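Next comes target_25.cif, with mmCIF, C-alpha atoms and all ligand atoms.
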```cif
data_data
loop_
_atom_site.label_atom_id
_atom_site.label_comp_id
_atom_site.auth_asym_id
_atom_site.auth_seq_id
_atom_site.Cartn_x
_atom_site.Cartn_y
_atom_site.Cartn_z
CA MET A 1 30.19 5.09 -10.93
CA LYS A 2 26.86 3.95 -12.27
CA THR A 3 28.41 0.80 -13.65
CA LEU A 4 30.09 0.05 -10.36
CA TRP A 5 26.85 0.52 -8.53
CA ILE A 6 25.02 -1.84 -10.84
CA ALA A 7 27.86 -4.33 -10.62
CA ALA A 8 27.59 -4.31 -6.84
CA SER A 9 23.87 -4.96 -7.12
CA LEU A 10 24.60 -8.07 -9.16
CA LEU A 11 26.07 -9.80 -6.16
CA PRO A 12 23.75 -12.52 -4.96
CA LEU A 13 23.59 -10.99 -1.50
CA SER A 14 21.65 -8.01 -2.75
CA VAL A 15 18.64 -10.18 -3.42
CA LEU A 16 18.45 -11.37 0.11
CA ALA A 17 20.32 -8.73 2.00
CA PRO A 18 19.41 -9.01 5.67
CA ASP A 19 18.33 -5.57 6.71
CA ALA A 20 20.80 -4.85 9.42
CA ARG A 21 21.58 -1.75 7.37
CA ALA A 22 18.04 -0.55 7.19
CA GLN A 23 15.16 0.33 9.40
CA LEU A 24 12.30 -0.65 7.20
CA HIS A 25 8.83 0.40 8.18
CA ASP A 26 6.12 -2.12 8.80
CA GLY A 27 3.74 -2.63 5.94
CA ASP A 28 5.64 -0.44 3.51
CA ILE A 29 6.49 -1.52 0.01
CA VAL A 30 10.19 -2.34 -0.05
CA VAL A 31 12.02 -0.99 -3.10
CA ARG A 32 15.38 -2.36 -4.21
CA VAL A 33 17.53 -2.95 -7.23
CA VAL A 34 17.66 -6.65 -8.00
CA ARG A 35 20.10 -7.55 -10.75
CA ASP A 36 19.51 -4.80 -13.28
CA HIS A 37 16.00 -3.62 -12.46
CA LEU A 38 13.90 -2.20 -9.64
CA ALA A 39 11.99 -4.72 -7.59
CA VAL A 40 9.34 -4.40 -4.92
CA GLY A 41 8.68 -6.74 -2.04
CA ALA A 42 7.83 -6.98 1.61
CA GLU A 43 9.99 -7.48 4.63
CA ARG A 44 9.68 -10.89 6.22
CA GLU A 45 9.84 -11.55 9.95
CA ASP A 46 13.44 -12.69 9.65
CA GLY A 47 14.36 -9.31 8.17
CA GLN A 48 14.90 -10.52 4.63
CA VAL A 49 12.90 -9.11 1.75
CA ASP A 50 10.46 -11.33 -0.08
CA PHE A 51 10.37 -10.16 -3.68
CA HIS A 52 7.49 -12.46 -4.53
CA VAL A 53 5.15 -10.12 -2.66
CA ARG A 54 3.63 -7.81 -5.23
CA VAL A 55 0.14 -7.32 -3.78
CA PHE A 56 -0.40 -4.80 -1.00
CA GLY A 57 -3.41 -3.56 0.93
CA ALA A 58 -4.53 -0.23 2.36
CA ALA A 59 -7.70 1.32 3.79
CA PHE A 60 -9.11 4.78 3.19
CA GLY A 61 -10.52 6.84 6.02
CA GLU A 62 -8.36 5.73 8.93
CA GLN A 63 -7.26 9.33 9.57
CA PHE A 64 -9.10 11.38 6.97
CA ALA A 65 -12.16 10.52 4.89
CA ASP A 66 -11.39 9.04 1.46
CA PHE A 67 -7.65 9.33 2.10
CA THR A 68 -4.66 7.22 3.06
CA ASN A 69 -0.92 7.61 2.83
CA GLU A 70 -0.26 3.90 3.22
CA PRO A 71 1.49 1.90 2.07
CA GLY A 72 4.69 3.94 1.84
CA LEU A 73 7.72 3.17 -0.28
CA ASP A 74 10.82 2.27 1.69
CA SER A 75 14.19 1.12 0.41
CA GLY A 76 16.42 1.27 3.47
CA GLU A 77 19.80 2.98 3.24
CA GLY A 78 22.22 2.18 0.47
CA ALA A 79 19.63 0.41 -1.63
CA LEU A 80 19.37 2.93 -4.46
CA PRO A 81 21.82 5.25 -6.24
CA PRO A 82 22.15 8.41 -4.10
CA GLY A 83 20.57 11.46 -5.72
CA SER A 84 18.76 9.42 -8.35
CA GLU A 85 14.99 9.54 -8.66
CA VAL A 86 12.36 6.84 -8.42
CA GLY A 87 9.05 7.47 -10.10
CA PHE A 88 5.89 5.50 -10.74
CA THR A 89 3.58 4.84 -13.64
CA ILE A 90 -0.06 3.98 -13.08
CA ARG A 91 -0.53 1.16 -15.54
CA ARG A 92 -4.29 1.13 -15.99
CA ALA A 93 -7.69 2.32 -14.80
CA LEU A 94 -8.96 1.26 -11.38
CA ARG A 95 -11.03 -1.87 -11.15
CA LEU A 96 -13.81 -2.46 -8.64
CA TRP A 97 -14.12 -5.83 -6.86
CA ASP A 98 -17.40 -7.52 -7.84
CA GLY A 99 -17.34 -10.04 -5.00
CA ALA A 100 -15.58 -12.71 -7.03
CA ARG A 101 -12.96 -10.93 -9.13
CA PHE A 102 -11.62 -7.67 -10.50
CA PRO A 103 -13.03 -7.64 -14.06
CA SER A 104 -10.31 -7.07 -16.64
CA GLY A 105 -12.57 -5.29 -19.15
CA LEU A 106 -13.54 -1.63 -18.96
CA GLU A 107 -16.95 -2.63 -17.57
CA GLY A 108 -15.09 -3.18 -14.31
CA VAL A 109 -13.89 0.44 -14.17
CA PRO A 110 -15.74 2.41 -11.49
CA ALA A 111 -16.73 6.10 -11.63
CA GLU A 112 -14.19 6.68 -8.87
CA ARG A 113 -10.56 7.52 -9.55
CA ILE A 114 -7.64 7.68 -7.15
CA GLN A 115 -5.51 10.79 -7.02
CA VAL A 116 -1.87 10.57 -5.91
CA ARG A 117 0.20 13.44 -4.57
CA LEU A 118 3.18 14.05 -2.34
CA GLY A 119 3.52 17.62 -1.10
CA PRO A 120 4.16 19.71 -4.21
CA LEU A 121 4.48 16.60 -6.40
CA GLY A 122 1.42 15.70 -8.44
CA PRO A 123 -1.44 15.31 -8.30
CA VAL A 124 -1.89 12.58 -10.85
CA ALA A 125 -4.96 10.40 -11.09
CA THR A 126 -5.75 6.92 -12.31
CA PRO A 127 -6.88 7.07 -15.96
CA PRO A 128 -10.51 6.50 -17.04
CA ASP A 129 -9.30 3.81 -19.44
CA ASP A 130 -6.19 1.63 -19.59
CA THR A 131 -3.86 4.31 -20.93
CA PRO A 132 -0.86 4.41 -18.57
CA VAL A 133 -0.28 7.61 -16.60
CA VAL A 134 3.27 8.61 -15.73
CA GLY A 135 3.39 9.85 -12.15
CA PHE A 136 5.98 11.97 -10.40
CA ALA A 137 9.56 11.16 -9.39
CA MET A 138 10.89 11.15 -5.83
CA THR A 139 14.51 11.86 -4.98
CA VAL A 140 16.69 9.25 -3.31
CA SER A 141 18.65 10.65 -0.34
CA ALA A 142 22.40 11.09 -0.19
CA LEU A 143 22.43 7.87 1.85
CA GLY A 144 20.79 5.98 -0.98
CA GLU A 145 17.44 5.75 0.76
CA LEU A 146 13.93 6.34 -0.46
CA HIS A 147 11.22 6.51 2.18
CA GLN A 148 8.09 8.35 1.12
CA HIS A 149 4.39 8.12 1.77
CA PRO A 150 2.47 9.49 -1.19
CA GLY A 151 -1.12 10.39 -0.34
CA TYR A 152 -3.94 8.53 -2.08
CA THR A 153 -7.37 10.18 -2.31
CA LEU A 154 -10.46 8.36 -3.53
CA LEU A 155 -12.32 10.91 -5.66
CA ALA A 156 -16.11 11.39 -5.71
CA PRO A 157 -18.43 9.59 -5.60
CA ALA A 158 -16.03 7.67 -3.34
CA GLY A 159 -18.46 4.79 -2.84
CA PRO A 160 -17.72 1.78 -0.66
CA GLY A 161 -15.81 -1.10 -2.19
CA LEU A 162 -12.41 -2.53 -3.00
CA TYR A 163 -10.39 -0.75 -5.64
CA LEU A 164 -7.50 -2.30 -7.54
CA TYR A 165 -4.61 0.04 -8.36
CA GLU A 166 -1.83 -1.22 -10.63
CA CYS A 167 1.49 0.51 -11.05
CA GLU A 168 5.21 0.06 -11.62
CA LEU A 169 8.34 1.93 -10.53
CA TRP A 170 11.15 3.31 -12.66
CA SER A 171 14.51 4.85 -11.94
CA SER A 172 16.11 7.95 -13.43
CA GLU A 173 19.31 5.90 -13.76
CA GLU A 174 19.05 4.49 -17.23
CA PRO A 175 20.65 1.08 -16.73
CA ILE A 176 18.15 0.26 -14.00
CA GLY A 177 15.04 -1.26 -15.52
CA VAL A 178 11.39 -0.81 -14.58
CA SER A 179 9.92 -2.95 -11.80
CA ARG A 180 7.45 -5.67 -12.49
CA PRO A 181 3.85 -4.51 -12.04
CA PHE A 182 2.48 -4.47 -8.52
CA TRP A 183 -0.92 -3.86 -7.03
CA ILE A 184 -2.55 -2.11 -4.11
CA VAL A 185 -6.05 -3.17 -3.08
CA PHE A 186 -7.60 -0.11 -1.45
CA ARG A 187 -10.56 -0.61 0.86
CA GLN A 188 -13.27 2.01 1.25
CA LEU A 189 -15.39 0.76 4.17
CA GLY A 190 -16.24 -2.95 4.06
CA SER A 191 -14.48 -5.79 5.81
CA SER A 192 -10.79 -6.60 5.92
CA GLU A 193 -11.69 -10.28 5.37
CA GLU A 194 -13.21 -9.42 2.00
CA GLN A 195 -10.13 -7.34 1.22
CA GLU A 196 -7.90 -10.32 2.00
CA ARG A 197 -10.00 -12.45 -0.38
CA ALA A 198 -9.60 -9.84 -3.09
CA MET A 199 -5.84 -9.67 -2.49
CA GLU A 200 -5.60 -13.44 -2.72
CA TRP A 201 -7.44 -13.30 -6.04
CA VAL A 202 -4.89 -10.78 -7.34
CA ARG A 203 -1.99 -12.93 -6.12
CA THR A 204 -3.32 -15.95 -7.95
CA HIS A 205 -4.62 -14.32 -11.11
CA LEU A 206 -2.41 -11.31 -11.74
CA ALA A 207 0.76 -11.65 -9.69
CA CYS A 208 1.74 -15.25 -10.19
CA PRO A 209 5.42 -15.68 -9.24
CA ALA A 210 5.75 -18.27 -12.01
CA ASP A 211 5.36 -15.48 -14.57
CA PHE A 212 9.13 -15.48 -14.71
CA ASN A 213 9.50 -13.20 -17.75
CA ALA A 214 6.87 -10.81 -16.33
CA ASP A 215 4.71 -10.54 -19.43
CA GLY A 216 1.44 -11.21 -17.58
CA GLN A 217 1.08 -14.77 -18.89
CA VAL A 218 2.19 -18.00 -17.32
CA ASP A 219 3.31 -20.29 -20.11
CA PHE A 220 6.09 -22.50 -21.36
CA PHE A 221 8.37 -19.54 -22.03
CA ASP A 222 8.45 -18.89 -18.29
CA TYR A 223 9.52 -22.45 -17.74
CA LEU A 224 12.28 -22.10 -20.34
CA ASP A 225 13.48 -18.83 -18.83
CA PHE A 226 13.48 -20.24 -15.33
CA ALA A 227 15.28 -23.40 -16.41
CA GLY A 228 17.86 -21.24 -18.21
CA ALA A 229 18.40 -19.01 -15.18
CA PHE A 230 18.65 -22.06 -12.94
CA ALA A 231 21.22 -23.74 -15.19
CA ALA A 232 23.22 -20.51 -15.36
CA GLU A 233 23.00 -20.23 -11.55
CA GLU A 234 21.47 -16.78 -11.79
CA THR A 235 20.25 -15.13 -8.63
CA ALA A 236 16.76 -14.80 -10.08
CA ALA A 237 16.43 -18.58 -10.01
CA ASP A 238 16.58 -18.52 -6.20
CA PHE A 239 12.84 -18.91 -6.36
CA ASN A 240 12.16 -19.41 -2.64
CA ALA A 241 14.50 -16.51 -1.87
CA ASP A 242 16.51 -18.29 0.82
CA GLY A 243 19.92 -17.41 -0.59
CA GLN A 244 20.63 -20.93 -1.87
CA LEU A 245 20.16 -22.19 -5.37
CA ASP A 246 19.01 -25.78 -5.11
CA PHE A 247 16.39 -28.29 -6.06
CA PHE A 248 13.83 -26.72 -3.73
CA ASP A 249 13.79 -23.68 -6.00
CA TYR A 250 13.00 -25.90 -8.91
CA LEU A 251 10.20 -27.60 -6.97
CA ASP A 252 8.77 -24.27 -5.85
CA PHE A 253 8.80 -22.92 -9.36
CA VAL A 254 7.06 -25.97 -10.75
CA GLY A 255 4.51 -25.76 -7.91
CA ALA A 256 3.75 -22.09 -8.60
CA PHE A 257 3.60 -22.80 -12.30
CA ALA A 258 1.01 -25.52 -11.81
CA GLU A 259 -1.01 -23.30 -9.49
CA CYS A 260 -1.26 -20.32 -11.83
CA GLU A 261 -1.25 -21.81 -15.27
CA CA B 1 5.33 -15.08 -18.65
CA CA B 2 16.52 -21.11 -2.86
#
```
In C-alpha cells, write the structure found in this file.
Amino acid sequence: MKTLWIAASLLPLSVLAPDARAQLHDGDIVVRVVRDHLAVGAEREDGQVDFHVRVFGAAFGEQFADFTNEPGLDSGEGALPPGSEVGFTIRRALRLWDGARFPSGLEGVPAERIQVRLGPLGPVATPPDDTPVVGFAMTVSALGELHQHPGYTLLAPAGPGLYLYECELWSSEEPIGVSRPFWIVFRQLGSSEEQERAMEWVRTHLACPADFNADGQVDFFDYLDFAGAFAAEETAADFNADGQLDFFDYLDFVGAFAECE
C-alpha cells in the first residue's frame, strides 16, 4: 500500500499536478510528496504548484497582538497518505533582520522567540541557539488532505522587526523523506516593503533553487547532480516546473547557479 502510494507519486504529473482536485487556500504553504520526499511550494496563478518557492511571509497582530495563524499548510486532497502524520522541525533559532541581512551567527538571535501551537498540540518554541526543535505532528485526513493553521505567537519582549523562522516538514510514513528547509519571514509592525526586501534576501542567500542537493551550499556538486538528473530524465530536472524536460531547464539551472554561487 505504502509502496504503491510512493510509486504513484513518482509519476511526473505529481510534480506539476494541476489542482483541479484541490481547493488550495491563498497564501498557504502547499505541501506535497515529490518523488520520494515532502516538498513545499506555492500555488501559481495557473493552478500549478511552484516548488521553487520556499520563502513565505506573515504579519503578527492582524487579528490579535503578537499572533498570527498564517501561513497555513495546505496539501489539497489526495496529496498525502491518508491517516499519516506530517510534523515539523524548527531548524534553528530566530534571526532578526538588521536592515541588510539576517546574520547567520548567534549575535543575530533576538531575545524574542516564537511559540507554535495548534489546539492541544504544542506549544513548542524556537530554540535560543541553533539546536533543532522537533515540533508536533498533524494528522492527514481520510481524503489524503492536510489543511491546518498552526498559531504563531511572538513572545516577550515582542519588539518590532522582521524575524526569520526556519523549519522543515517530515512524514510519519518512513519512505517519505524530509522536506528541504523553508523559511517564514514574520513581520512585527514595520513596512511590508522592508519585509519583501528581507524575503528577497532569503531567496537569494538561503533558498537558492540551484542548491540541487539541498545541503545549503551552491557548488559544483549541485551542477553534477542536476546534470545527472537531466541526463536520466528525472522529474526533478524539470527546473522551470512546466512539465517538460528540455533545454530551457538547463538554461534556467545555469542561470540560477550563476546568480547564487
Ligand atoms: Ca548544494
Ligand atoms: Ca521544464
**OP:** Please extract the residues at most 12 Å from ligand CA 1 (chain B), counting only C-alpha atoms and all ligand atoms, and provide them as a list in words, using the chain letters and residue numbers of this document.
**Re:**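 The neighbouring residues of ligand CA 1 (chain B) are, in order, Arg180, Leu206, Ala207, Cys208, Pro209, Ala210, Asp211, Phe212, Asn213, Ala214, Asp215, Gly216, Gln217, Val218, Asp219, Phe220, Phe221, Asp222, Tyr223, Leu224, Asp225, Phe226, Phe257, Cys260 and Glu261 of chain A.
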Using all atoms listed in the file, what table do you get, as a Markdown table, when you list each residue of chain A with an atom no more than 9 Å from ligand CA 2 (chain B), its nearest pair of atoms, and their distance in Å rounded to one decimal, rows by chain then rising number?
```
| residue | atom | partner | partner_atom | distance |
| --- | --- | --- | --- | --- |
| A:Ala237 | CA | B:CA2 | CA | 7.6 |
| A:Asp238 | CA | B:CA2 | CA | 4.2 |
| A:Phe239 | CA | B:CA2 | CA | 5.5 |
| A:Asn240 | CA | B:CA2 | CA | 4.7 |
| A:Ala241 | CA | B:CA2 | CA | 5.1 |
| A:Asp242 | CA | B:CA2 | CA | 4.6 |
| A:Gly243 | CA | B:CA2 | CA | 5.5 |
| A:Gln244 | CA | B:CA2 | CA | 4.2 |
| A:Leu245 | CA | B:CA2 | CA | 4.6 |
| A:Asp246 | CA | B:CA2 | CA | 5.8 |
| A:Phe247 | CA | B:CA2 | CA | 7.9 |
| A:Phe248 | CA | B:CA2 | CA | 6.3 |
| A:Asp249 | CA | B:CA2 | CA | 4.9 |
| A:Tyr250 | CA | B:CA2 | CA | 8.5 |
| A:Asp252 | CA | B:CA2 | CA | 8.9 |
```
At a cut-off of 7 Å, can you tabulate as a Markdown table every residue of range 25-63 of chain A near range 160-176 of chain A together with its closest atom pair and the distance in Å to one decimal, using all atoms listed in the file and ordering rows by chain then number?
```
| residue | atom | partner | partner_atom | distance |
| --- | --- | --- | --- | --- |
| A:Asp36 | CA | A:Ile176 | CA | 5.3 |
| A:His37 | CA | A:Ile176 | CA | 4.7 |
| A:Leu38 | CA | A:Ile176 | CA | 6.6 |
```
Here CA of Thr139 in chain A and CA of Val30 in chain A stand apart by 15.6 Å
Across A:Gly122, A:Gly151, A:Gly228, A:Pro103, the smallest distance to Val134 in chain A, with only C-alpha atoms counted, is shown by A:Gly122
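The two atoms in question, CA of Met138 in chain A and CA of Asn69 in chain A, are spaced 15.1 Å apart.
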Min atom-atom distance to Val133 in chain A from the set A:Pro82, A:Gly87, A:Gly177, A:Pro120, counting only C-alpha atoms, belongs to A:Gly87
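For the pair CA of Ala111 in chain A and CA of Arg54 in chain A, the interatomic distance is 25.5 Å.
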